[in-house]
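Engineer: So here's start-v2.txt (compact mmCIF, C-alpha atoms and all ligand atoms).
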```
# COMPACT_ATOMS: atom_id res chain seq x y z
CA MET A 1 10.47 7.89 18.79
CA ALA A 2 11.19 5.73 15.75
CA ARG A 3 12.33 2.16 16.44
CA PRO A 4 15.97 1.54 15.39
CA VAL A 5 16.22 -0.70 12.32
CA GLN A 6 19.04 -3.21 11.82
CA ILE A 7 21.55 -2.40 9.10
CA GLU A 8 24.78 -3.64 7.54
CA VAL A 9 27.33 -0.97 6.57
CA TRP A 10 29.75 -0.93 3.63
CA ASN A 11 32.51 1.69 3.30
CA PRO A 12 31.72 3.48 6.60
CA ASN A 13 33.79 6.56 5.73
CA GLY A 14 32.11 7.25 2.39
CA LYS A 15 31.07 10.85 1.80
CA TYR A 16 27.52 10.17 0.54
CA ARG A 17 25.08 8.06 2.54
CA VAL A 18 22.98 5.71 0.40
CA VAL A 19 20.43 3.42 2.05
CA SER A 20 18.98 0.26 0.52
CA THR A 21 15.83 -0.92 2.25
CA LYS A 22 16.65 -4.54 1.28
CA ALA A 23 19.66 -6.70 0.53
CA MET A 24 19.75 -6.98 -3.28
CA PRO A 25 21.36 -9.67 -5.49
CA GLY A 26 25.00 -9.38 -6.58
CA THR A 27 27.74 -7.06 -5.37
CA ARG A 28 28.31 -4.91 -8.46
CA TRP A 29 25.75 -2.36 -7.28
CA ILE A 30 27.55 -2.03 -3.92
CA ASN A 31 30.98 -1.73 -5.56
CA LEU A 32 29.79 0.91 -8.01
CA LEU A 33 28.49 3.03 -5.12
CA ILE A 34 31.61 2.51 -3.01
CA GLU A 35 33.90 3.47 -5.91
CA GLN A 36 32.09 6.82 -6.02
CA ASP A 37 32.63 7.53 -2.33
CA CYS A 38 29.29 6.29 -1.00
CA ARG A 39 28.72 4.75 2.42
CA VAL A 40 26.18 2.01 1.72
CA GLU A 41 23.72 0.97 4.42
CA ILE A 42 21.60 -2.12 3.80
CA CYS A 43 18.61 -2.87 5.99
CA THR A 44 18.90 -6.40 7.41
CA GLU A 45 15.59 -6.53 9.28
CA LYS A 46 13.97 -9.96 9.03
CA LYS A 47 10.47 -8.68 8.22
CA THR A 48 9.60 -8.80 4.51
CA ILE A 49 7.62 -5.59 4.14
CA LEU A 50 8.99 -2.51 5.87
CA SER A 51 6.54 0.04 7.24
CA VAL A 52 6.76 3.77 6.53
CA GLU A 53 8.01 4.21 10.13
CA ASP A 54 10.80 1.67 9.56
CA ILE A 55 11.93 3.55 6.47
CA VAL A 56 11.75 6.96 8.19
CA SER A 57 14.05 5.48 10.81
CA LEU A 58 16.42 4.18 8.11
CA ILE A 59 16.54 7.59 6.41
CA GLY A 60 17.53 9.25 9.71
CA ASN A 61 18.89 12.80 9.82
CA ARG A 62 21.23 12.67 6.87
CA CYS A 63 20.69 10.59 3.76
CA ASP A 64 21.63 11.34 0.15
CA GLY A 65 19.55 8.68 -1.54
CA VAL A 66 17.45 5.55 -1.02
CA ILE A 67 16.99 2.37 -3.05
CA GLY A 68 13.61 0.88 -2.18
CA GLN A 69 11.16 -1.85 -3.12
CA LEU A 70 7.73 -2.09 -4.73
CA THR A 71 6.23 -3.30 -1.44
CA GLU A 72 6.88 0.10 0.18
CA ASP A 73 4.57 3.08 0.30
CA TRP A 74 6.62 5.97 -1.07
CA GLY A 75 4.45 9.06 -0.53
CA GLU A 76 4.42 12.40 1.25
CA VAL A 77 5.77 11.05 4.56
CA LEU A 78 8.84 9.35 3.08
CA PHE A 79 9.68 12.02 0.51
CA SER A 80 9.43 14.79 3.12
CA ALA A 81 11.64 12.75 5.48
CA LEU A 82 14.17 12.16 2.69
CA SER A 83 14.13 15.83 1.74
CA ARG A 84 14.71 16.90 5.39
CA ALA A 85 17.68 14.51 5.48
CA GLY A 86 19.16 16.26 2.41
CA GLY A 87 18.21 13.43 0.02
CA LYS A 88 18.16 13.93 -3.74
CA ALA A 89 17.04 10.62 -5.14
CA PHE A 90 14.94 7.53 -4.61
CA SER A 91 14.90 4.52 -6.93
CA ASN A 92 12.48 1.62 -6.94
CA MET A 93 14.18 -1.68 -7.69
CA ALA A 94 11.37 -2.35 -10.19
CA VAL A 95 10.09 -1.03 -13.48
CA GLY A 96 6.57 -0.52 -12.11
CA TYR A 97 6.29 2.42 -9.72
CA ASN A 98 2.60 2.47 -8.77
CA ASN A 99 3.78 2.36 -5.11
CA VAL A 100 5.35 5.80 -5.58
CA ASP A 101 3.54 9.13 -5.38
CA VAL A 102 5.58 10.91 -8.03
CA ASN A 103 3.80 14.23 -7.36
CA ALA A 104 5.01 14.10 -3.76
CA ALA A 105 8.56 13.45 -4.99
CA ASN A 106 8.26 16.38 -7.42
CA LYS A 107 7.15 18.65 -4.58
CA TYR A 108 10.43 17.95 -2.77
CA GLY A 109 12.58 17.95 -5.95
CA ILE A 110 13.49 14.29 -5.45
CA ALA A 111 14.33 12.21 -8.53
CA VAL A 112 12.45 8.90 -8.83
CA GLY A 113 14.19 6.04 -10.63
CA ASN A 114 12.93 2.72 -11.98
CA THR A 115 14.54 -0.24 -13.76
CA PRO A 116 13.15 -0.76 -17.28
CA GLY A 117 14.47 -3.10 -19.95
CA VAL A 118 16.63 -5.41 -17.85
CA LEU A 119 13.57 -7.42 -16.83
CA THR A 120 11.68 -7.44 -20.12
CA GLU A 121 12.65 -10.89 -21.40
CA THR A 122 12.71 -12.52 -17.95
CA THR A 123 9.18 -11.31 -17.19
CA ALA A 124 7.90 -12.27 -20.64
CA GLU A 125 9.41 -15.75 -20.18
CA LEU A 126 7.45 -16.24 -16.95
CA ALA A 127 4.25 -15.13 -18.69
CA ALA A 128 5.02 -17.65 -21.46
CA SER A 129 5.74 -20.35 -18.84
CA LEU A 130 2.40 -19.70 -17.13
CA SER A 131 0.64 -19.79 -20.51
CA LEU A 132 2.12 -23.20 -21.30
CA ALA A 133 1.58 -24.54 -17.79
CA ALA A 134 -2.09 -23.48 -17.93
CA ALA A 135 -2.65 -24.79 -21.48
CA ARG A 136 -1.14 -28.18 -20.67
CA ARG A 137 -2.33 -28.39 -17.03
CA ILE A 138 1.19 -29.00 -15.80
CA VAL A 139 0.64 -28.10 -12.13
CA GLU A 140 -2.47 -30.29 -11.79
CA ALA A 141 -0.64 -33.17 -13.50
CA ASP A 142 2.41 -32.74 -11.24
CA GLU A 143 0.20 -32.84 -8.12
CA PHE A 144 -1.52 -35.96 -9.48
CA MET A 145 1.82 -37.77 -9.92
CA ARG A 146 3.11 -36.78 -6.49
CA ALA A 147 -0.12 -38.00 -4.91
CA GLY A 148 0.61 -41.48 -6.37
CA ARG A 149 -2.58 -41.40 -8.44
CA TYR A 150 -1.03 -42.33 -11.83
CA ASP A 151 -1.92 -45.91 -12.67
CA GLY A 152 -1.43 -45.89 -16.44
CA TRP A 153 -1.82 -43.91 -19.67
CA LEU A 154 -5.38 -42.94 -20.55
CA PRO A 155 -6.77 -41.19 -23.66
CA ASN A 156 -8.51 -38.56 -21.56
CA LEU A 157 -5.89 -37.93 -18.92
CA PHE A 158 -5.11 -34.20 -18.50
CA VAL A 159 -6.17 -33.21 -21.98
CA GLY A 160 -5.38 -29.51 -22.50
CA ASN A 161 -5.19 -26.92 -25.29
CA LEU A 162 -2.92 -26.87 -28.35
CA LEU A 163 -1.53 -23.35 -28.80
CA LYS A 164 -0.47 -23.63 -32.45
CA GLY A 165 -2.90 -21.79 -34.70
CA GLN A 166 -4.81 -20.27 -31.77
CA THR A 167 -4.92 -16.54 -31.02
CA VAL A 168 -2.82 -14.88 -28.35
CA GLY A 169 -4.19 -11.60 -27.00
CA VAL A 170 -1.94 -9.02 -25.38
CA ILE A 171 -3.28 -6.08 -23.39
CA GLY A 172 -0.52 -3.51 -22.96
CA ALA A 173 1.96 -4.17 -25.77
CA GLY A 174 4.85 -2.19 -24.31
CA ARG A 175 8.29 -3.66 -23.64
CA ILE A 176 7.14 -6.82 -21.83
CA GLY A 177 3.84 -7.31 -23.67
CA SER A 178 5.65 -7.12 -27.03
CA ALA A 179 8.40 -9.52 -25.91
CA TYR A 180 5.74 -11.99 -24.73
CA ALA A 181 3.81 -11.63 -27.99
CA ARG A 182 6.95 -12.37 -30.02
CA MET A 183 7.66 -15.48 -27.92
CA MET A 184 4.15 -16.86 -28.38
CA VAL A 185 3.93 -16.01 -32.07
CA GLU A 186 7.36 -17.32 -33.03
CA GLY A 187 7.54 -20.17 -30.53
CA PHE A 188 4.03 -21.55 -30.97
CA LYS A 189 2.85 -20.10 -34.29
CA MET A 190 -0.05 -18.26 -32.67
CA ASN A 191 -1.90 -15.37 -34.30
CA LEU A 192 -1.79 -12.07 -32.44
CA ILE A 193 -4.44 -9.57 -31.42
CA TYR A 194 -3.34 -6.72 -29.17
CA PHE A 195 -4.72 -3.65 -27.46
CA ASP A 196 -2.62 -0.71 -26.38
CA LEU A 197 -3.13 3.03 -26.33
CA TYR A 198 -0.23 3.25 -28.80
CA GLN A 199 0.53 1.36 -31.98
CA SER A 200 3.35 -1.18 -31.66
CA THR A 201 4.86 -0.89 -35.14
CA ARG A 202 7.92 -3.02 -34.36
CA LEU A 203 5.75 -5.86 -33.11
CA GLU A 204 3.50 -5.65 -36.15
CA LYS A 205 6.52 -5.74 -38.47
CA PHE A 206 7.91 -8.75 -36.61
CA VAL A 207 4.71 -10.77 -36.99
CA THR A 208 4.36 -9.77 -40.66
CA ALA A 209 7.95 -10.85 -41.40
CA TYR A 210 7.53 -14.13 -39.53
CA GLY A 211 4.25 -14.78 -41.36
CA GLU A 212 6.02 -14.24 -44.69
CA PHE A 213 8.79 -16.61 -43.63
CA LEU A 214 6.28 -19.33 -42.77
CA LYS A 215 4.40 -18.81 -46.03
CA ALA A 216 7.61 -19.04 -48.04
CA ASN A 217 8.19 -22.39 -46.35
CA GLY A 218 4.76 -23.70 -47.25
CA GLU A 219 3.21 -23.18 -43.79
CA ALA A 220 0.14 -21.20 -42.79
CA PRO A 221 1.28 -17.63 -42.02
CA VAL A 222 0.73 -16.08 -38.59
CA THR A 223 -1.35 -12.89 -38.53
CA TRP A 224 -1.71 -9.80 -36.33
CA ARG A 225 -4.40 -7.26 -35.58
CA ARG A 226 -4.46 -4.17 -33.43
CA ALA A 227 -7.82 -4.17 -31.64
CA SER A 228 -9.75 -0.95 -31.19
CA SER A 229 -10.88 -2.00 -27.70
CA MET A 230 -9.82 -4.32 -24.93
CA GLU A 231 -13.18 -6.12 -25.23
CA GLU A 232 -12.29 -7.18 -28.78
CA VAL A 233 -9.17 -8.94 -27.45
CA LEU A 234 -11.10 -10.60 -24.64
CA ARG A 235 -13.77 -11.87 -27.03
CA GLU A 236 -11.43 -13.25 -29.68
CA ALA A 237 -8.27 -14.51 -28.01
CA ASP A 238 -7.67 -18.02 -26.67
CA VAL A 239 -4.79 -16.94 -24.41
CA ILE A 240 -4.76 -13.40 -23.00
CA SER A 241 -1.83 -11.87 -21.19
CA LEU A 242 -2.01 -8.60 -19.26
CA HIS A 243 1.00 -6.26 -19.40
CA PRO A 244 -0.18 -2.66 -18.86
CA VAL A 245 1.07 -0.30 -16.17
CA LEU A 246 -1.22 -0.07 -13.12
CA ASP A 247 -2.95 3.29 -12.98
CA LYS A 248 -6.49 4.65 -12.77
CA THR A 249 -7.22 3.52 -16.34
CA THR A 250 -6.19 -0.09 -15.73
CA PHE A 251 -7.55 -0.71 -12.20
CA HIS A 252 -10.00 -3.68 -12.46
CA LEU A 253 -9.60 -3.63 -16.23
CA VAL A 254 -10.64 -7.28 -16.06
CA ASN A 255 -13.84 -7.50 -14.03
CA LYS A 256 -17.03 -9.57 -13.83
CA GLU A 257 -18.33 -8.20 -17.14
CA SER A 258 -15.11 -8.58 -19.09
CA LEU A 259 -14.59 -12.12 -17.78
CA LYS A 260 -18.02 -13.03 -19.13
CA ALA A 261 -16.98 -11.75 -22.57
CA MET A 262 -14.07 -14.21 -22.72
CA LYS A 263 -14.25 -17.71 -24.24
CA LYS A 264 -15.30 -20.34 -21.70
CA ASP A 265 -12.01 -22.22 -22.14
CA ALA A 266 -9.75 -19.16 -22.45
CA ILE A 267 -6.49 -18.76 -20.53
CA LEU A 268 -5.79 -15.51 -18.69
CA ILE A 269 -2.27 -14.58 -17.56
CA ASN A 270 -1.35 -11.68 -15.27
CA CYS A 271 2.28 -10.68 -14.75
CA SER A 272 1.55 -6.94 -14.50
CA ARG A 273 -0.03 -5.83 -11.21
CA GLY A 274 -2.73 -7.60 -9.18
CA PRO A 275 -5.33 -4.80 -9.13
CA VAL A 276 -5.59 -4.92 -12.94
CA ILE A 277 -7.95 -7.86 -12.24
CA ASP A 278 -10.94 -7.80 -9.90
CA GLU A 279 -9.70 -10.90 -8.07
CA ALA A 280 -12.96 -11.67 -6.22
CA ALA A 281 -14.82 -11.68 -9.56
CA LEU A 282 -12.09 -13.91 -10.99
CA VAL A 283 -12.50 -16.49 -8.21
CA GLU A 284 -16.24 -16.62 -8.92
CA HIS A 285 -15.59 -16.99 -12.65
CA LEU A 286 -13.07 -19.80 -12.09
CA ARG A 287 -15.57 -21.60 -9.90
CA GLU A 288 -18.35 -21.34 -12.49
CA ASN A 289 -16.13 -22.15 -15.51
CA PRO A 290 -13.86 -25.11 -14.77
CA MET A 291 -12.39 -25.04 -18.31
CA PHE A 292 -11.28 -21.40 -17.88
CA ARG A 293 -7.69 -21.19 -16.58
CA VAL A 294 -5.48 -18.49 -15.13
CA GLY A 295 -1.80 -18.06 -14.45
CA LEU A 296 -1.17 -15.38 -11.84
CA ASP A 297 2.14 -13.91 -10.71
CA VAL A 298 0.53 -10.92 -8.99
CA PHE A 299 -2.43 -10.46 -6.64
CA GLU A 300 -4.79 -7.67 -5.75
CA ASP A 301 -3.81 -7.41 -2.07
CA GLU A 302 -0.30 -8.85 -2.04
CA PRO A 303 0.88 -10.85 -0.24
CA TYR A 304 -2.71 -12.07 0.33
CA MET A 305 -5.05 -13.85 -2.06
CA LYS A 306 -8.80 -13.40 -2.23
CA PRO A 307 -10.70 -16.18 -0.43
CA GLY A 308 -11.11 -19.30 -2.54
CA LEU A 309 -8.36 -18.62 -5.08
CA ALA A 310 -5.92 -21.10 -3.57
CA ASP A 311 -8.54 -23.87 -3.83
CA MET A 312 -9.05 -23.47 -7.56
CA LYS A 313 -7.53 -26.30 -9.61
CA ASN A 314 -7.83 -24.12 -12.72
CA ALA A 315 -5.53 -21.44 -11.27
CA ILE A 316 -1.73 -21.49 -11.30
CA ILE A 317 -0.36 -19.12 -8.70
CA VAL A 318 3.24 -18.03 -8.14
CA PRO A 319 4.60 -15.38 -5.73
CA HIS A 320 5.50 -12.35 -7.91
CA ILE A 321 8.60 -13.99 -9.40
CA ALA A 322 8.32 -12.83 -13.01
CA SER A 323 11.59 -10.87 -12.94
CA ALA A 324 13.38 -13.45 -10.80
CA SER A 325 16.34 -14.54 -12.95
CA LYS A 326 19.80 -13.99 -11.48
CA TRP A 327 20.99 -11.78 -14.37
CA THR A 328 17.88 -9.64 -14.25
CA ARG A 329 17.73 -9.17 -10.49
CA GLU A 330 21.44 -8.23 -10.36
CA GLY A 331 20.84 -5.85 -13.26
CA MET A 332 17.83 -4.30 -11.53
CA ALA A 333 19.97 -3.68 -8.43
CA THR A 334 22.65 -2.05 -10.61
CA LEU A 335 20.18 0.22 -12.42
CA ALA A 336 18.51 1.25 -9.16
CA ALA A 337 21.88 2.07 -7.55
CA LEU A 338 23.03 4.01 -10.62
CA ASN A 339 19.78 6.02 -10.68
CA VAL A 340 20.50 7.21 -7.16
CA LEU A 341 24.23 7.69 -7.72
CA GLY A 342 23.65 9.68 -10.92
CA LYS A 343 21.47 12.23 -9.12
CA ILE A 344 23.84 12.48 -6.16
CA LYS A 345 26.70 13.21 -8.59
CA ASP A 346 24.57 15.59 -10.69
CA TYR A 347 24.99 13.45 -13.79
CA PRO A 348 22.48 13.87 -16.61
CA VAL A 349 19.66 11.43 -17.20
CA TRP A 350 20.23 8.71 -19.83
CA SER A 351 18.48 9.62 -23.08
CA ASP A 352 16.70 6.32 -23.72
CA PRO A 353 15.51 4.15 -20.82
CA ASN A 354 14.71 1.41 -23.36
CA ARG A 355 18.44 1.08 -24.11
CA VAL A 356 20.10 0.38 -20.77
CA GLU A 357 22.63 -2.28 -21.89
CA PRO A 358 25.70 0.00 -21.45
CA PHE A 359 24.93 0.12 -17.70
CA LEU A 360 24.81 -3.67 -17.47
CA ASN A 361 28.17 -4.45 -19.05
CA GLU A 362 30.26 -5.76 -16.16
CA ASN A 363 33.49 -5.33 -18.14
CA ALA A 364 33.25 -1.58 -18.56
CA PRO A 365 32.46 1.31 -16.26
CA PRO A 366 28.84 2.45 -16.60
CA PRO A 367 28.04 5.72 -18.41
CA ALA A 368 28.03 8.80 -16.18
CA ALA A 369 24.22 9.10 -16.19
CA SER A 370 21.13 7.98 -14.32
CA PRO A 371 19.66 5.12 -16.41
CA SER A 372 15.96 5.90 -15.84
CA ILE A 373 14.40 8.78 -13.91
CA VAL A 374 10.63 8.86 -14.36
CA ASN A 375 10.17 12.48 -13.25
CA ALA A 376 13.20 13.87 -15.14
CA LYS A 377 10.99 16.18 -17.21
CA ALA A 378 8.99 17.46 -14.23
CA LEU A 379 12.24 18.25 -12.39
CA GLY A 380 13.84 19.79 -15.50
CA LEU A 381 16.85 17.45 -15.34
CA THR A 382 19.45 17.54 -18.11
CA VAL A 383 19.34 14.65 -20.57
CA SER A 384 22.55 12.92 -21.62
CA LYS A 385 23.76 13.47 -25.21
CA LEU A 386 24.58 9.74 -25.60
N1 LIG A 401 5.25 -9.43 -12.24
C1 LIG A 401 6.42 -8.84 -12.25
O1 LIG A 401 7.36 -9.21 -11.57
C2 LIG A 401 6.62 -7.67 -13.17
C3 LIG A 401 7.89 -7.49 -13.75
C4 LIG A 401 8.07 -6.39 -14.57
C5 LIG A 401 7.01 -5.51 -14.81
N2 LIG A 401 5.82 -5.73 -14.23
C6 LIG A 401 4.68 -4.81 -14.51
O2 LIG A 401 4.55 -4.73 -15.92
C7 LIG A 401 4.29 -3.38 -16.28
C8 LIG A 401 4.71 -3.14 -17.71
O3 LIG A 401 6.13 -3.08 -17.83
P1 LIG A 401 6.82 -2.65 -19.21
O4 LIG A 401 8.27 -2.54 -18.97
O5 LIG A 401 6.33 -3.49 -20.33
O6 LIG A 401 6.20 -1.18 -19.36
P2 LIG A 401 5.84 -0.38 -20.67
O7 LIG A 401 5.62 1.03 -20.23
O8 LIG A 401 6.86 -0.65 -21.74
O9 LIG A 401 4.46 -1.03 -21.16
C9 LIG A 401 3.21 -0.74 -20.58
C10 LIG A 401 2.21 -0.59 -21.72
O10 LIG A 401 0.90 -0.46 -21.18
C11 LIG A 401 0.19 0.40 -22.04
N3 LIG A 401 -1.00 0.90 -21.38
C12 LIG A 401 -1.10 1.89 -20.46
N4 LIG A 401 -2.40 2.06 -20.13
C13 LIG A 401 -3.11 1.17 -20.86
C14 LIG A 401 -4.49 0.87 -20.97
N5 LIG A 401 -5.40 1.54 -20.26
N6 LIG A 401 -4.86 -0.11 -21.80
C15 LIG A 401 -3.95 -0.79 -22.54
N7 LIG A 401 -2.62 -0.55 -22.49
C16 LIG A 401 -2.22 0.43 -21.66
C17 LIG A 401 1.21 1.48 -22.37
O11 LIG A 401 0.83 2.23 -23.52
C18 LIG A 401 2.47 0.66 -22.59
O12 LIG A 401 2.65 0.28 -23.93
C19 LIG A 401 5.05 -2.57 -15.23
O13 LIG A 401 4.50 -1.29 -15.06
C20 LIG A 401 4.92 -3.41 -13.97
O14 LIG A 401 3.82 -3.00 -13.23
C21 LIG A 401 5.60 -6.78 -13.40
O1 LIG A 402 7.67 -3.87 -11.63
C1 LIG A 402 8.54 -4.72 -11.48
O2 LIG A 402 9.71 -4.55 -11.84
C2 LIG A 402 8.20 -6.06 -10.89
O3 LIG A 402 6.97 -6.17 -10.35
C3 LIG A 402 9.27 -6.69 -10.08
O4 LIG A 402 10.27 -7.02 -10.95
```
Transcribe the structure of this file into C-alpha cells.
Ligand SMILES: NC(=O)c1ccc[n+]([C@@H]2O[C@H](COP(=O)([O-])OP(=O)(O)OC[C@H]3O[C@@H](n4cnc5c(N)ncnc54)[C@H](O)[C@@H]3O)[C@@H](O)[C@H]2O)c1
Ligand SMILES: O=C(O)[C@H](O)CO

Structural biologist:
Amino acid sequence: MARPVQIEVWNPNGKYRVVSTKAMPGTRWINLLIEQDCRVEICTEKKTILSVEDIVSLIGNRCDGVIGQLTEDWGEVLFSALSRAGGKAFSNMAVGYNNVDVNAANKYGIAVGNTPGVLTETTAELAASLSLAAARRIVEADEFMRAGRYDGWLPNLFVGNLLKGQTVGVIGAGRIGSAYARMMVEGFKMNLIYFDLYQSTRLEKFVTAYGEFLKANGEAPVTWRRASSMEEVLREADVISLHPVLDKTTFHLVNKESLKAMKKDAILINCSRGPVIDEAALVEHLRENPMFRVGLDVFEDEPYMKPGLADMKNAIIVPHIASASKWTREGMATLAALNVLGKIKDYPVWSDPNRVEPFLNENAPPPAASPSIVNAKALGLTVSKL
C-alpha cells in the first residue's frame, strides 16, 4: 500500500481537488484556485524529489488536477492514476516538459500545461550573468580574495576576455535564446551568429536596427548571421549559449567532436537542459583546455554532476536557478495553477502562449482560459478568441 504523504490543505470544503506536489512561491495561485471553489492540497514532504509512488499517493482516489515539477517522472503510471481519480489536467511549473510523456497524457485525455514567457527574461539574464562571470573569471577571483591570496595589483592577475566586438553564438533562438542574444548584442556590442530550425526574423530585425543605430553614431555596427548548421556556430563564436528544447534531436548536441570544433578559449553556457551536453566529454575537454570556460545551470543527471566537474576551475556551476527571480517564480506558479483550473472549468485554451501578460496582472482577474496547454491540438481543445 502507498505510503501516506504529508500535505497542507487550503479551503477544505472546495468542490474541486487540486494537488500541488510542492509549495510554490506567492499566494496568488492559491487564492485564484480557492476563488473558483478548489480545495488546494500542497505536499509538504521534506524530500526534494518525489517518487512516482509518492505522487500516486498524493493523487489518491479523487483528484481533479495536479501541479507538478520538472524533477518528476510524469508518464503512464501517473497519468493513468490521475485519470482513474477523475483528473482532467496536469501542469508542469516549468516551460520545459521533457519530464512529461505527452503521448501518455493524450491516451487518458489529460491536458498538459507549461509556463512559457514569464521566465524568458529571467532565464536569459542568468545566461548573460554566466557569460560575464566566465569571461571575467569572477568566481575564481572571488575564491582567490576569500582565501586571503590577494597581495596587490598585478598586470597578469585574472586576465579574461573582452566581449565587445566578439561573436556570440546562440543555439536555439526561441523565446529565451532570442532574449539572451538581444542582451549580449545590445549590452556588449557583440556580433550574432545563431542556429535554429526556424528563422528568427524579429531577432534579425533587432540586430539590424541596432547596427544601423551604432553606425549612425559613428561606431562599428553589430552584425548577424543565421548559420546553416550548429557546427558553424561552434566554429565561429567566442561565446556560445544553448537554448533549445531537450528532445531526441538535441540530446548530446554538444559532444566530444563538437567541443573539438570550438575555439580553444571559447565560453560555453548551458541554461537549457543538462543532457544537451555530453557532460563526461565536457569534463575531459575542460581538463585538456584550461582556457576554455563553461557556465552551467543544468546537468546531465541532476542533481548529480559527472565526476571531476566540480574540480574544474574553468567551470562555473549553479543549481538550476535560471528562472529563480521572485516575479518569475510567482508568475510560473500562477500560470501552472491557471492551466489546471482552466481545464477543470472547461475554459478554452489561450490563443497565444507567447503573450501571457494578461494572466500575470495582479490588479485584474485573469482571462477565463488556460494560458498554455501543450497538447491542446491533440486533445481537440477549443482555442480562446482573445
Ligand atoms: N535552466 C532553467 O531554469 C530553464 C528555464 C527556462 C527554460 N529552460 C529550458 O529552455 C528551453 C527553451 O525555452 P524557450 O521558452 O526559449 O522555448 P522555445 O520553444 O521558445 O525555444 C526553443 C527553440 O529551440 C529550437 N530548437 C528545437 N530543436 C532544435 C535543434 N535541434 N537545434 C536547434 N534549435 C532547436 C526551437 O526551434 C525553438 O526556437 C526549455 O525547453 C527548457 O528546457 C531552462
Ligand atoms: O523549464 C523550465 O522552466 C526551467 O528549467 C525551470 O524554470

Engineer: Please write out the residues within 7 Å of ligand LIG 401 (chain A) as a compact mmCIF listing (two decimals) with C-alpha atoms, keeping the file's coordinate frame, counting all atoms listed in the file.

Structural biologist:
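Final output, saved to pocket35.txt:
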```txt
# COMPACT_ATOMS: atom_id res chain seq x y z
CA ALA A 94 11.37 -2.35 -10.19
CA VAL A 95 10.09 -1.03 -13.48
CA GLY A 96 6.57 -0.52 -12.11
CA TYR A 97 6.29 2.42 -9.72
CA PRO A 116 13.15 -0.76 -17.28
CA GLY A 117 14.47 -3.10 -19.95
CA LEU A 119 13.57 -7.42 -16.83
CA THR A 120 11.68 -7.44 -20.12
CA THR A 123 9.18 -11.31 -17.19
CA ILE A 171 -3.28 -6.08 -23.39
CA GLY A 172 -0.52 -3.51 -22.96
CA ALA A 173 1.96 -4.17 -25.77
CA GLY A 174 4.85 -2.19 -24.31
CA ARG A 175 8.29 -3.66 -23.64
CA ILE A 176 7.14 -6.82 -21.83
CA GLY A 177 3.84 -7.31 -23.67
CA PHE A 195 -4.72 -3.65 -27.46
CA ASP A 196 -2.62 -0.71 -26.38
CA LEU A 197 -3.13 3.03 -26.33
CA TYR A 198 -0.23 3.25 -28.80
CA HIS A 243 1.00 -6.26 -19.40
CA PRO A 244 -0.18 -2.66 -18.86
CA VAL A 245 1.07 -0.30 -16.17
CA LEU A 246 -1.22 -0.07 -13.12
CA THR A 249 -7.22 3.52 -16.34
CA THR A 250 -6.19 -0.09 -15.73
CA CYS A 271 2.28 -10.68 -14.75
CA SER A 272 1.55 -6.94 -14.50
CA ARG A 273 -0.03 -5.83 -11.21
CA ASP A 297 2.14 -13.91 -10.71
CA VAL A 298 0.53 -10.92 -8.99
CA HIS A 320 5.50 -12.35 -7.91
CA ILE A 321 8.60 -13.99 -9.40
CA ALA A 322 8.32 -12.83 -13.01
CA SER A 323 11.59 -10.87 -12.94
```

Engineer: Write out as a list in words the residues lying within 10 Å of Ala181 of chain A, counting all atoms listed in the file and excluding same-chain residues fewer than 5 positions away.

Structural biologist: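 Counting only the stated atoms, we get Ala124, Ala127, Ala128, Val168, Gly169, Val170, Ala173, Ile176, Glu186, Gly187, Met190, Asn191, Leu192, Ile193, Tyr194, Leu203, Phe206, Val207 and Ser241 of chain A.
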
Engineer: Restricted to C-alpha atoms, what would the selected residues look like written as a PDB file, keeping the file's coordinate frame?

Structural biologist:
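For reference, selection34.pdb as written:
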```pdb
ATOM      1  CA  ALA A 124       7.900 -12.270 -20.640  1.00  0.00           C
ATOM      2  CA  ALA A 127       4.250 -15.130 -18.690  1.00  0.00           C
ATOM      3  CA  ALA A 128       5.020 -17.650 -21.460  1.00  0.00           C
ATOM      4  CA  VAL A 168      -2.820 -14.880 -28.350  1.00  0.00           C
ATOM      5  CA  GLY A 169      -4.190 -11.600 -27.000  1.00  0.00           C
ATOM      6  CA  VAL A 170      -1.940  -9.020 -25.380  1.00  0.00           C
ATOM      7  CA  ALA A 173       1.960  -4.170 -25.770  1.00  0.00           C
ATOM      8  CA  ILE A 176       7.140  -6.820 -21.830  1.00  0.00           C
ATOM      9  CA  GLU A 186       7.360 -17.320 -33.030  1.00  0.00           C
ATOM     10  CA  GLY A 187       7.540 -20.170 -30.530  1.00  0.00           C
ATOM     11  CA  MET A 190      -0.050 -18.260 -32.670  1.00  0.00           C
ATOM     12  CA  ASN A 191      -1.900 -15.370 -34.300  1.00  0.00           C
ATOM     13  CA  LEU A 192      -1.790 -12.070 -32.440  1.00  0.00           C
ATOM     14  CA  ILE A 193      -4.440  -9.570 -31.420  1.00  0.00           C
ATOM     15  CA  TYR A 194      -3.340  -6.720 -29.170  1.00  0.00           C
ATOM     16  CA  LEU A 203       5.750  -5.860 -33.110  1.00  0.00           C
ATOM     17  CA  PHE A 206       7.910  -8.750 -36.610  1.00  0.00           C
ATOM     18  CA  VAL A 207       4.710 -10.770 -36.990  1.00  0.00           C
ATOM     19  CA  SER A 241      -1.830 -11.870 -21.190  1.00  0.00           C
TER      20      SER A 241
END
```

Engineer: In terms of the shortest atom-to-atom distance over only C-alpha atoms and all ligand atoms, which of A:Glu121, A:Asp142, A:Asp346, A:Glu41 is closest to ligand LIG 402 (chain A)?

Structural biologist: A:Glu121

Engineer: Between A:Lys189, A:Lys47, A:Arg329, A:Lys264, which one has atoms that come closest to ligand LIG 402 (chain A), using all atoms listed in the file?

Structural biologist: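 Nearest candidate to ligand LIG 402 (chain A) out of A:Lys189, A:Lys47, A:Arg329, A:Lys264: A:Arg329.
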
Engineer: Counting only C-alpha atoms, which residues sit no farther than 10 Å from the position (14.9, -7.2, 13.6) in the file's frame? I'd like them as a PyMOL selection string.

Structural biologist: chain A and resi 4-7+43-47

Engineer: So, with only C-alpha atoms and all ligand atoms as the atoms that count, which of A:Leu78, A:Leu70, A:Ile30, A:Ala368 lies closest to ligand LIG 402 (chain A)?

Structural biologist: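 Looking at the shortest contact to ligand LIG 402 (chain A), the residue is A:Leu70.
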